[in-house]
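Novice: For reference, the file input-v9.tsv (TSV, C-alpha atoms and all ligand atoms) is included below:
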```tsv
chain	number	residue	atom	x	y	z
A	1	MET	CA	48.87	16.86	-114.64
A	2	LEU	CA	51.44	18.42	-112.35
A	3	ASN	CA	55.02	18.33	-113.47
A	4	GLU	CA	57.53	19.11	-110.73
A	5	SER	CA	60.17	20.36	-113.13
A	6	ASP	CA	57.79	22.90	-114.68
A	7	PRO	CA	57.25	25.92	-112.41
A	8	GLN	CA	54.30	27.12	-114.50
A	9	SER	CA	52.55	23.82	-113.89
A	10	ILE	CA	53.19	24.09	-110.14
A	11	LEU	CA	51.94	27.63	-109.97
A	12	GLN	CA	48.61	26.69	-111.49
A	13	LEU	CA	47.84	25.40	-107.99
A	14	ASN	CA	47.18	29.06	-107.21
A	15	SER	CA	44.05	30.62	-108.63
A	16	PRO	CA	44.39	33.38	-111.23
A	17	ILE	CA	44.77	36.95	-110.00
A	18	THR	CA	41.65	39.08	-109.91
A	19	LEU	CA	40.49	41.84	-107.60
A	20	THR	CA	38.04	39.43	-106.03
A	21	ASN	CA	40.63	36.91	-104.89
A	22	VAL	CA	42.80	39.26	-102.89
A	23	ILE	CA	41.02	37.41	-100.10
A	24	GLN	CA	41.55	33.69	-100.71
A	25	ASP	CA	39.29	31.01	-99.31
A	26	VAL	CA	40.61	27.61	-98.25
A	27	ALA	CA	37.39	26.17	-96.90
A	28	ASN	CA	38.74	22.65	-96.33
A	29	LEU	CA	41.67	23.85	-94.20
A	30	THR	CA	40.59	22.88	-90.67
A	31	ALA	CA	43.95	22.40	-88.94
A	32	CYS	CA	47.24	24.21	-89.51
A	33	ASP	CA	50.14	26.05	-87.93
A	34	VAL	CA	50.29	29.80	-88.51
A	35	ILE	CA	53.83	31.24	-88.46
A	36	GLY	CA	54.72	34.81	-87.42
A	37	ASP	CA	57.04	37.42	-88.99
A	38	ILE	CA	60.32	35.77	-90.03
A	39	HIS	CA	62.36	38.74	-91.34
A	40	GLY	CA	65.21	36.59	-92.59
A	41	CYS	CA	65.63	34.56	-89.37
A	42	TYR	CA	66.10	31.30	-91.27
A	43	GLU	CA	67.65	29.32	-88.40
A	44	GLU	CA	64.77	30.03	-86.06
A	45	LEU	CA	62.29	29.17	-88.84
A	46	VAL	CA	63.96	25.76	-89.13
A	47	ASP	CA	64.00	25.42	-85.31
A	48	LEU	CA	60.29	26.20	-85.15
A	49	LEU	CA	59.28	23.87	-87.99
A	50	ARG	CA	61.20	21.04	-86.28
A	51	LEU	CA	59.58	21.80	-82.92
A	52	LEU	CA	56.15	21.73	-84.58
A	53	GLY	CA	56.91	18.28	-86.05
A	54	HIS	CA	57.39	19.44	-89.64
A	55	SER	CA	60.97	18.20	-90.17
A	56	ASP	CA	59.77	16.40	-93.33
A	57	LEU	CA	59.05	19.76	-94.95
A	58	LEU	CA	62.75	20.65	-94.75
A	59	ARG	CA	63.77	17.83	-97.12
A	60	ARG	CA	65.47	19.07	-100.26
A	61	ASP	CA	63.63	16.46	-102.35
A	62	LEU	CA	60.18	17.32	-100.95
A	63	PRO	CA	57.63	16.15	-103.55
A	64	ILE	CA	54.62	18.18	-104.65
A	65	ALA	CA	51.69	17.77	-102.28
A	66	SER	CA	48.53	16.05	-103.39
A	67	PRO	CA	46.29	18.71	-105.04
A	68	ASP	CA	43.38	17.87	-102.69
A	69	ALA	CA	45.44	18.14	-99.49
A	70	PRO	CA	44.94	21.40	-97.57
A	71	PRO	CA	48.14	23.29	-96.67
A	72	LEU	CA	49.84	22.53	-93.34
A	73	LEU	CA	51.24	26.00	-92.77
A	74	LEU	CA	50.06	29.58	-93.15
A	75	PHE	CA	52.53	32.47	-93.03
A	76	VAL	CA	51.46	35.95	-91.87
A	77	GLY	CA	54.07	37.53	-94.18
A	78	ASP	CA	57.17	39.70	-93.65
A	79	ILE	CA	59.59	37.00	-94.71
A	80	VAL	CA	62.18	39.55	-95.86
A	81	ASP	CA	64.21	42.52	-94.52
A	82	ARG	CA	66.47	43.05	-91.49
A	83	GLY	CA	67.67	39.45	-90.89
A	84	ASP	CA	70.82	37.64	-91.95
A	85	ARG	CA	69.44	34.82	-94.16
A	86	ILE	CA	66.65	36.52	-96.07
A	87	MET	CA	66.99	34.67	-99.38
A	88	ASP	CA	67.17	31.27	-97.61
A	89	SER	CA	63.98	32.13	-95.70
A	90	LEU	CA	62.22	33.31	-98.84
A	91	ARG	CA	63.35	30.26	-100.82
A	92	LEU	CA	61.98	27.88	-98.18
A	93	VAL	CA	58.63	29.68	-97.91
A	94	HIS	CA	58.39	30.02	-101.71
A	95	ASP	CA	59.04	26.30	-102.21
A	96	LEU	CA	56.60	25.22	-99.49
A	97	CYS	CA	53.91	27.43	-101.03
A	98	THR	CA	54.48	26.46	-104.66
A	99	LYS	CA	54.58	22.76	-103.73
A	100	GLY	CA	51.23	23.06	-101.96
A	101	TYR	CA	52.28	22.68	-98.30
A	102	ALA	CA	51.83	26.29	-97.26
A	103	ARG	CA	50.24	29.59	-98.15
A	104	MET	CA	51.19	33.11	-97.22
A	105	VAL	CA	49.69	36.57	-97.22
A	106	PHE	CA	51.63	39.68	-98.18
A	107	GLY	CA	53.39	41.57	-95.40
A	108	ASN	CA	54.25	45.22	-95.91
A	109	HIS	CA	57.96	44.32	-96.21
A	110	ASP	CA	57.33	41.60	-98.82
A	111	TYR	CA	55.13	44.00	-100.75
A	112	ARG	CA	57.84	46.67	-100.81
A	113	PHE	CA	60.44	44.15	-102.03
A	114	PHE	CA	57.97	43.03	-104.72
A	115	ARG	CA	57.64	46.64	-105.87
A	116	TRP	CA	61.43	47.01	-105.93
A	117	LEU	CA	61.69	43.85	-108.07
A	118	GLN	CA	59.18	45.39	-110.48
A	119	GLY	CA	61.39	48.47	-110.80
A	120	ASP	CA	59.24	50.82	-108.71
A	121	ASP	CA	60.92	53.68	-106.91
A	122	VAL	CA	60.59	52.57	-103.28
A	123	LYS	CA	62.42	53.87	-100.24
A	124	ILE	CA	65.34	51.56	-99.49
A	125	ALA	CA	65.23	51.53	-95.68
A	126	HIS	CA	63.93	49.51	-92.71
A	127	GLY	CA	65.90	46.42	-93.73
A	128	LEU	CA	65.14	46.41	-97.47
A	129	GLU	CA	68.81	47.28	-97.99
A	130	GLN	CA	69.79	43.85	-96.56
A	131	THR	CA	67.25	42.06	-98.78
A	132	ILE	CA	68.57	43.81	-101.89
A	133	ALA	CA	72.19	43.15	-100.88
A	134	GLU	CA	71.53	39.40	-100.49
A	135	PHE	CA	69.60	39.32	-103.76
A	136	ASN	CA	72.37	41.14	-105.64
A	137	GLN	CA	75.06	38.85	-104.21
A	138	MET	CA	73.58	35.87	-106.07
A	139	PRO	CA	75.35	34.70	-109.25
A	140	SER	CA	73.63	36.58	-112.06
A	141	GLU	CA	72.20	33.59	-113.93
A	142	GLN	CA	70.73	32.07	-110.75
A	143	ARG	CA	69.49	35.49	-109.67
A	144	GLU	CA	67.53	36.11	-112.87
A	145	VAL	CA	65.76	32.73	-112.61
A	146	TRP	CA	64.94	33.56	-108.97
A	147	ARG	CA	63.70	37.03	-109.94
A	148	THR	CA	61.20	35.51	-112.38
A	149	GLN	CA	60.08	32.92	-109.82
A	150	LEU	CA	59.65	35.61	-107.16
A	151	LEU	CA	57.66	37.92	-109.42
A	152	THR	CA	55.30	35.06	-110.33
A	153	PHE	CA	55.00	34.07	-106.67
A	154	PHE	CA	54.36	37.60	-105.38
A	155	GLU	CA	51.79	38.20	-108.11
A	156	SER	CA	49.86	35.20	-106.76
A	157	LEU	CA	49.77	36.32	-103.11
A	158	PRO	CA	46.53	37.35	-101.41
A	159	TYR	CA	46.12	39.92	-98.62
A	160	ALA	CA	44.00	37.64	-96.47
A	161	ILE	CA	43.35	33.90	-96.30
A	162	ARG	CA	40.02	32.67	-94.93
A	163	PHE	CA	39.97	29.05	-93.87
A	164	ASP	CA	37.96	26.41	-92.02
A	165	SER	CA	34.73	27.38	-93.83
A	166	GLY	CA	35.24	31.04	-92.92
A	167	ARG	CA	35.92	30.51	-89.21
A	168	GLY	CA	39.55	31.61	-89.36
A	169	ILE	CA	41.37	34.42	-91.14
A	170	VAL	CA	45.07	35.18	-91.51
A	171	VAL	CA	46.24	38.69	-92.35
A	172	HIS	CA	49.54	40.48	-91.92
A	173	ALA	CA	48.41	43.48	-89.84
A	174	ALA	CA	44.65	43.81	-89.44
A	175	TRP	CA	41.25	42.53	-90.47
A	176	ARG	CA	37.72	43.89	-90.50
A	177	PRO	CA	34.75	41.80	-91.62
A	178	ARG	CA	33.50	44.30	-94.19
A	179	MET	CA	36.79	44.02	-96.08
A	180	LYS	CA	35.33	41.10	-98.00
A	181	GLU	CA	32.74	43.39	-99.59
A	182	GLU	CA	35.19	46.16	-100.49
A	183	ILE	CA	36.27	46.39	-104.09
A	184	ASP	CA	38.96	49.07	-103.80
A	185	LEU	CA	42.11	46.95	-103.82
A	186	ARG	CA	44.27	49.78	-102.48
A	187	ARG	CA	42.09	50.22	-99.39
A	188	VAL	CA	41.97	46.47	-98.71
A	189	ARG	CA	45.72	46.17	-99.23
A	190	TYR	CA	46.55	49.12	-97.00
A	191	TYR	CA	44.34	47.93	-94.15
A	192	ALA	CA	45.54	44.32	-94.38
A	193	ILE	CA	49.27	45.01	-94.55
A	194	TYR	CA	49.63	48.19	-92.46
A	195	GLY	CA	46.51	48.14	-90.28
A	196	PRO	CA	44.57	51.16	-89.02
A	197	THR	CA	46.56	54.24	-88.02
A	198	THR	CA	45.56	57.43	-86.21
A	199	GLY	CA	47.04	59.80	-88.80
A	200	ASP	CA	49.63	60.99	-86.24
A	201	LEU	CA	53.30	60.06	-86.10
A	202	THR	CA	55.12	58.48	-83.16
A	203	PRO	CA	58.16	60.30	-81.67
A	204	GLN	CA	60.28	57.97	-83.85
A	205	GLY	CA	58.44	59.14	-86.97
A	206	PHE	CA	56.30	56.07	-87.65
A	207	PRO	CA	52.53	56.17	-88.27
A	208	GLU	CA	50.80	55.71	-84.91
A	209	ARG	CA	48.96	52.40	-84.92
A	210	VAL	CA	45.50	51.60	-83.57
A	211	ASP	CA	45.07	48.55	-81.33
A	212	TRP	CA	42.24	47.19	-83.51
A	213	ALA	CA	42.35	43.69	-81.98
A	214	SER	CA	41.29	44.92	-78.53
A	215	THR	CA	37.85	45.89	-79.86
A	216	TYR	CA	37.53	43.31	-82.64
A	217	LYS	CA	34.55	40.99	-82.13
A	218	GLY	CA	34.83	38.59	-85.05
A	219	PRO	CA	33.03	36.74	-86.47
A	220	GLU	CA	36.25	35.27	-87.88
A	221	PHE	CA	39.06	34.28	-85.54
A	222	ALA	CA	41.91	36.47	-86.80
A	223	ILE	CA	45.62	35.65	-86.63
A	224	PHE	CA	48.05	38.44	-87.46
A	225	GLY	CA	51.67	39.63	-87.25
A	226	HIS	CA	53.16	43.09	-87.93
A	227	GLN	CA	52.88	44.58	-84.44
A	228	VAL	CA	55.74	43.34	-82.27
A	229	TYR	CA	54.75	42.08	-78.83
A	230	LEU	CA	56.91	40.82	-75.98
A	231	ARG	CA	54.62	37.79	-75.86
A	232	PRO	CA	51.71	36.76	-78.10
A	233	TYR	CA	48.74	39.13	-77.90
A	234	ASN	CA	45.82	36.88	-77.04
A	235	THR	CA	42.23	38.13	-77.23
A	236	PRO	CA	39.05	36.04	-77.66
A	237	TYR	CA	38.78	36.81	-81.40
A	238	ALA	CA	42.31	37.74	-82.46
A	239	VAL	CA	45.87	36.67	-81.71
A	240	GLY	CA	48.99	38.68	-82.61
A	241	ILE	CA	51.95	36.35	-83.05
A	242	ASP	CA	54.86	38.65	-84.00
A	243	THR	CA	57.18	38.28	-81.03
A	244	GLY	CA	60.08	40.09	-82.71
A	245	CYS	CA	62.51	37.28	-83.54
A	246	VAL	CA	64.76	39.56	-85.58
A	247	PHE	CA	64.95	41.98	-82.64
A	248	GLY	CA	66.05	39.27	-80.19
A	249	GLY	CA	62.57	38.07	-79.08
A	250	GLY	CA	61.21	34.83	-80.50
A	251	LEU	CA	59.51	33.25	-83.50
A	252	THR	CA	55.96	32.15	-82.68
A	253	ALA	CA	53.39	29.84	-84.24
A	254	LEU	CA	49.72	29.43	-83.41
A	255	ARG	CA	48.37	25.90	-83.81
A	256	TYR	CA	44.83	25.99	-85.15
A	257	PRO	CA	42.26	24.99	-83.93
A	258	SER	CA	43.76	24.34	-80.46
A	259	ARG	CA	45.17	27.92	-80.34
A	260	GLU	CA	48.26	26.56	-78.62
A	261	LEU	CA	51.16	29.01	-78.96
A	262	VAL	CA	54.59	27.56	-79.72
A	263	SER	CA	57.71	29.76	-79.77
A	264	VAL	CA	61.43	29.36	-80.27
A	265	LYS	CA	63.89	31.87	-78.89
A	266	SER	CA	65.76	34.19	-81.20
A	267	ARG	CA	69.38	33.09	-81.61
A	268	SER	CA	70.50	36.71	-81.72
A	269	ALA	CA	69.16	40.19	-82.34
A	270	ARG	CA	69.93	41.20	-85.95
A	271	ALA	CA	68.35	44.63	-85.74
A	272	ALA	CA	67.56	47.27	-83.13
A	273	TYR	CA	63.90	47.85	-82.43
A	274	ASN	CA	62.84	51.47	-82.60
A	275	GLY	CA	59.07	51.17	-82.46
A	276	PRO	CA	56.79	50.42	-79.53
A	277	MET	CA	57.30	46.82	-78.34
A	278	LEU	CA	54.07	46.23	-76.50
A	279	ASP	CA	53.56	43.94	-73.55
A	280	PRO	CA	49.94	42.82	-73.93
A	281	ASN	CA	49.84	41.53	-70.36
A	282	GLY	CA	51.70	44.43	-68.83
A	283	ASP	CA	48.75	46.68	-68.00
B	1	MN	MN	57.09	42.63	-89.55
```
Now, as a test, write the supplied structure out as structure tokens.
Ligand code: MN
Specialist:
Amino acid sequence: MLNESDPQSILQLNSPITLTNVIQDVANLTACDVIGDIHGCYEELVDLLRLLGHSDLLRRDLPIASPDAPPLLLFVGDIVDRGDRIMDSLRLVHDLCTKGYARMVFGNHDYRFFRWLQGDDVKIAHGLEQTIAEFNQMPSEQREVWRTQLLTFFESLPYAIRFDSGRGIVVHAAWRPRMKEEIDLRRVRYYAIYGPTTGDLTPQGFPERVDWASTYKGPEFAIFGHQVYLRPYNTPYAVGIDTGCVFGGGLTALRYPSRELVSVKSRSARAAYNGPMLDPNGD
């Protein structure tokens, strides 16, 4: 029996954590909206959810979803860092997930914040400083409750979500079919949240990324974020939906199964972009 006032009861909606469920299956999820990298752009997240017809999900008194109902939303991760309303964004996504309306996969930024919460020595850069500042500004009692909720939530997150009887897959950065047979969690995690890299560094000092989606041939239809594009990167088997909202671009959703792309414009750039912002239709 689910009890809304008991977070432990709510969280039992998520399966227990084992190495084999780093890739979660939601076979009965046949229609959903997949949301790109938010990075603390709370206002645009609200704009996008309204545009998609999900205003109901913004109600403060949103009840817990029926346990049999598949989620309505999937998030590609990177909720935190760089933006101006990081905790509001994270609270909304956390609540939608724990109430059964959404699921998310880890992004590299979420994962780094998770490690910081656990007390690991992580480099405080690339926007993590804003996340920590917002977190530390909370009244201490409220903050410690939130810390516990966040740790429980992050511990439950997968690195990939397969849905629609295996036809679709959501990952933060990259997917390869043989990942589901791999048992080395670190390799799966690295590939899913950072994607393949050449081993070289860009002139700005970032690992040079490989355009894996251009040669990816399925079988799953893959939806991902992480790499910022001027417009969604659309290939037959994979769609990249990070259109750089926090850098002044837009926040994009892919509606599955129609593959319609829905975007809202960024209200303002909160950070300067210093990586390659690719135009997938520019060549
Ligand atoms: Mn990102």
Novice: Once you count all atoms listed in the file, what closest atom pair and distance in Å to one decimal does each residue of chain A within 10 Å of ligand MN 1 (chain B) have, with rows by chain and rising residue number, as CSV?
Specialist:
```
residue,atom,partner,partner_atom,distance
A:Gly36,CA,B:MN1,MN,8.4
A:Asp37,CA,B:MN1,MN,5.2
A:Ile38,CA,B:MN1,MN,7.6
A:His39,CA,B:MN1,MN,6.8
A:Val76,CA,B:MN1,MN,9.0
A:Gly77,CA,B:MN1,MN,7.5
A:Asp78,CA,B:MN1,MN,5.0
A:Ile79,CA,B:MN1,MN,8.0
A:Val80,CA,B:MN1,MN,8.7
A:Asp81,CA,B:MN1,MN,8.7
A:Arg82,CA,B:MN1,MN,9.6
A:Gly107,CA,B:MN1,MN,7.0
A:Asn108,CA,B:MN1,MN,7.4
A:His109,CA,B:MN1,MN,6.9
A:Asp110,CA,B:MN1,MN,9.3
A:His172,CA,B:MN1,MN,8.2
A:Ala173,CA,B:MN1,MN,8.7
A:Ile193,CA,B:MN1,MN,9.6
A:Tyr194,CA,B:MN1,MN,9.7
A:Gly225,CA,B:MN1,MN,6.6
A:His226,CA,B:MN1,MN,4.3
A:Gln227,CA,B:MN1,MN,6.9
A:Val228,CA,B:MN1,MN,7.4
A:Asp242,CA,B:MN1,MN,7.2
A:Thr243,CA,B:MN1,MN,9.6
A:Gly244,CA,B:MN1,MN,7.9
A:Cys245,CA,B:MN1,MN,9.7
A:Val246,CA,B:MN1,MN,9.2
```
Novice: For atom CA of Leu92 of chain A and atom CA of Gly40 of chain A, quote the distance in Å rounded to one decimal.
Specialist: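 So the two atoms, atom CA of Leu92 of chain A and atom CA of Gly40 of chain A, lie 10.8 Å apart.
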Novice: Which residue gives the smallest distance to Leu49 of chain A among A:Leu261, A:Ala27, A:Leu73, A:Leu117, with only C-alpha atoms counted?
Specialist: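 Comparing A:Leu261, A:Ala27, A:Leu73, A:Leu117 against Leu49 of chain A, the winner is A:Leu73.
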Novice: Here is a test: counting all atoms listed in the file, which residue of A:Lys123, A:Arg112, A:Arg103, A:Arg143 is nearest to Ala160 of chain A?
Specialist: A:Arg103
Novice: Give me, please, the distance in Å between atom CA of Thr198 of chain A and atom CA of Ala253 of chain A, quoted to one decimal.
Specialist: 28.7 Å
